[in-house]
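J.: One structure, pasted below without further comment.
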Amino acid sequence: QVQLVESGGGLVQAGGSLRLSCAASGRTLGDYNMGWFRQAPGKERELVAGIRWNAGSTFYGDSAKGRFTIPRDNAKNTASLLMNSLKPEDTAVYYCAADERNRPTTISTSRYAYQYWGPGTQVTVSS
């Protein structure tokens with residue numbers, strides 16, 4: 001089992017930046033693809049960014065392209081989401097998630113491919 005915990009959320013003004021962190025315990029994340037999802041009230045949970053287990057490739061949703069970055073540090077068992085130029089529409093609960101398939105070759109955009117989830121952290125962007 002993998003336990004994930006997010007941190008770094010909060011209130012920020014439009015145009016500002018935040019760094020979300022995801023810390024894992026229980027097992028090493030080194031073999032798992034990681035994803036950052038978000039869910040706004042009344043909306044579906046969507047993949048914002050994903051990264052392969054070896055950081056060999058990344059995925060960014062249209063809303064994140066050019067503004068967000070998803071680094072990971074397998075030695076520290078962490079993954080992060082760096083968010084710049086934040087907009088009010090980025091307001092949501094952000095979740096980190098791990099795809100438990102061993103070293104998958106593709107990054108799934110479906111929430112159902114991710115078996116481990118953190119409790120989420122609220123990000124609020126004021127206008």
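If you're wondering about the labels, chains in the structure tokens are A, B, ... by order shown, residues count from 1 in each chain, ligands from 1 in order shown.
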Quick one: everything within 7 Å of segment 83-99 of chain A, counting only C-alpha atoms, minus sequence neighbours fewer than 4 positions away in the same chain. Send it as a PyMOL selection string.
T.: chain A and resi 6+14-19+22+32-40+67-69+113-127
J.: Could the residues in this selection be saved with C-alpha atoms as a PDB file, in the first residue's frame?
T.:
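Output contents, as saved in again15.pdb:
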ATOM      1  CA  GLU A   6      -0.448  16.618  -0.387  1.00  0.00           C
ATOM      2  CA  ALA A  14      -4.445  35.733  -9.728  1.00  0.00           C
ATOM      3  CA  GLY A  15      -1.064  35.751 -11.419  1.00  0.00           C
ATOM      4  CA  GLY A  16       0.643  34.239  -8.421  1.00  0.00           C
ATOM      5  CA  SER A  17       2.375  30.909  -7.942  1.00  0.00           C
ATOM      6  CA  LEU A  18       2.074  27.883  -5.714  1.00  0.00           C
ATOM      7  CA  ARG A  19       4.069  24.713  -5.239  1.00  0.00           C
ATOM      8  CA  CYS A  22       3.073  15.029  -2.571  1.00  0.00           C
ATOM      9  CA  TYR A  32       4.750   4.299 -10.497  1.00  0.00           C
ATOM     10  CA  ASN A  33       3.445   6.935 -12.814  1.00  0.00           C
ATOM     11  CA  MET A  34       2.189   9.927 -10.859  1.00  0.00           C
ATOM     12  CA  GLY A  35      -0.568  12.344 -11.596  1.00  0.00           C
ATOM     13  CA  TRP A  36      -1.970  15.565 -10.233  1.00  0.00           C
ATOM     14  CA  PHE A  37      -5.738  15.859 -10.561  1.00  0.00           C
ATOM     15  CA  ARG A  38      -8.091  18.605  -9.576  1.00  0.00           C
ATOM     16  CA  GLN A  39     -11.784  18.832  -8.916  1.00  0.00           C
ATOM     17  CA  ALA A  40     -13.791  22.005  -8.747  1.00  0.00           C
ATOM     18  CA  ARG A  67       2.004  27.328 -16.687  1.00  0.00           C
ATOM     19  CA  PHE A  68       2.446  24.149 -14.628  1.00  0.00           C
ATOM     20  CA  THR A  69       5.371  21.778 -14.199  1.00  0.00           C
ATOM     21  CA  ALA A 113      -6.152   4.109 -13.682  1.00  0.00           C
ATOM     22  CA  TYR A 114      -4.825   5.575 -10.442  1.00  0.00           C
ATOM     23  CA  GLN A 115      -5.214   3.387  -7.395  1.00  0.00           C
ATOM     24  CA  TYR A 116      -3.637   5.508  -4.700  1.00  0.00           C
ATOM     25  CA  TRP A 117      -4.838   8.980  -3.786  1.00  0.00           C
ATOM     26  CA  GLY A 118      -4.011  11.652  -1.295  1.00  0.00           C
ATOM     27  CA  PRO A 119      -6.769  13.418   0.651  1.00  0.00           C
ATOM     28  CA  GLY A 120      -6.392  16.564  -1.451  1.00  0.00           C
ATOM     29  CA  THR A 121      -5.356  20.145  -0.831  1.00  0.00           C
ATOM     30  CA  GLN A 122      -7.465  23.225  -1.546  1.00  0.00           C
ATOM     31  CA  VAL A 123      -6.157  25.838  -3.967  1.00  0.00           C
ATOM     32  CA  THR A 124      -8.093  29.087  -4.161  1.00  0.00           C
ATOM     33  CA  VAL A 125      -7.162  31.801  -6.622  1.00  0.00           C
ATOM     34  CA  SER A 126      -8.717  35.182  -6.039  1.00  0.00           C
ATOM     35  CA  SER A 127      -9.312  37.679  -8.822  1.00  0.00           C
TER      36      SER A 127
END
J.: Which of chain A end up as helix (DSSP H, G or I) when DSSP is run on this backbone - answer as a list of chain:residue names?
T.: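 Listing helix (DSSP H, G or I) positions across chain A yields A:Pro88, A:Glu89, A:Asp90, A:Arg111, A:Tyr112, A:Ala113.
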J.: Write out as a ChimeraX atom specification each polymer residue whose atoms come within 12 Å of Lys76 of chain A, counting only C-alpha atoms; drop sequence neighbours fewer than 5 positions from it.
T.: /A:21-25,27-30,71
J.: Identify which of the residues A:Thr109, A:Ala75, A:Leu20, A:Glu46 lies closest to Gly8 of chain A, counting only C-alpha atoms when measuring atom-to-atom distances.
T.: A:Leu20
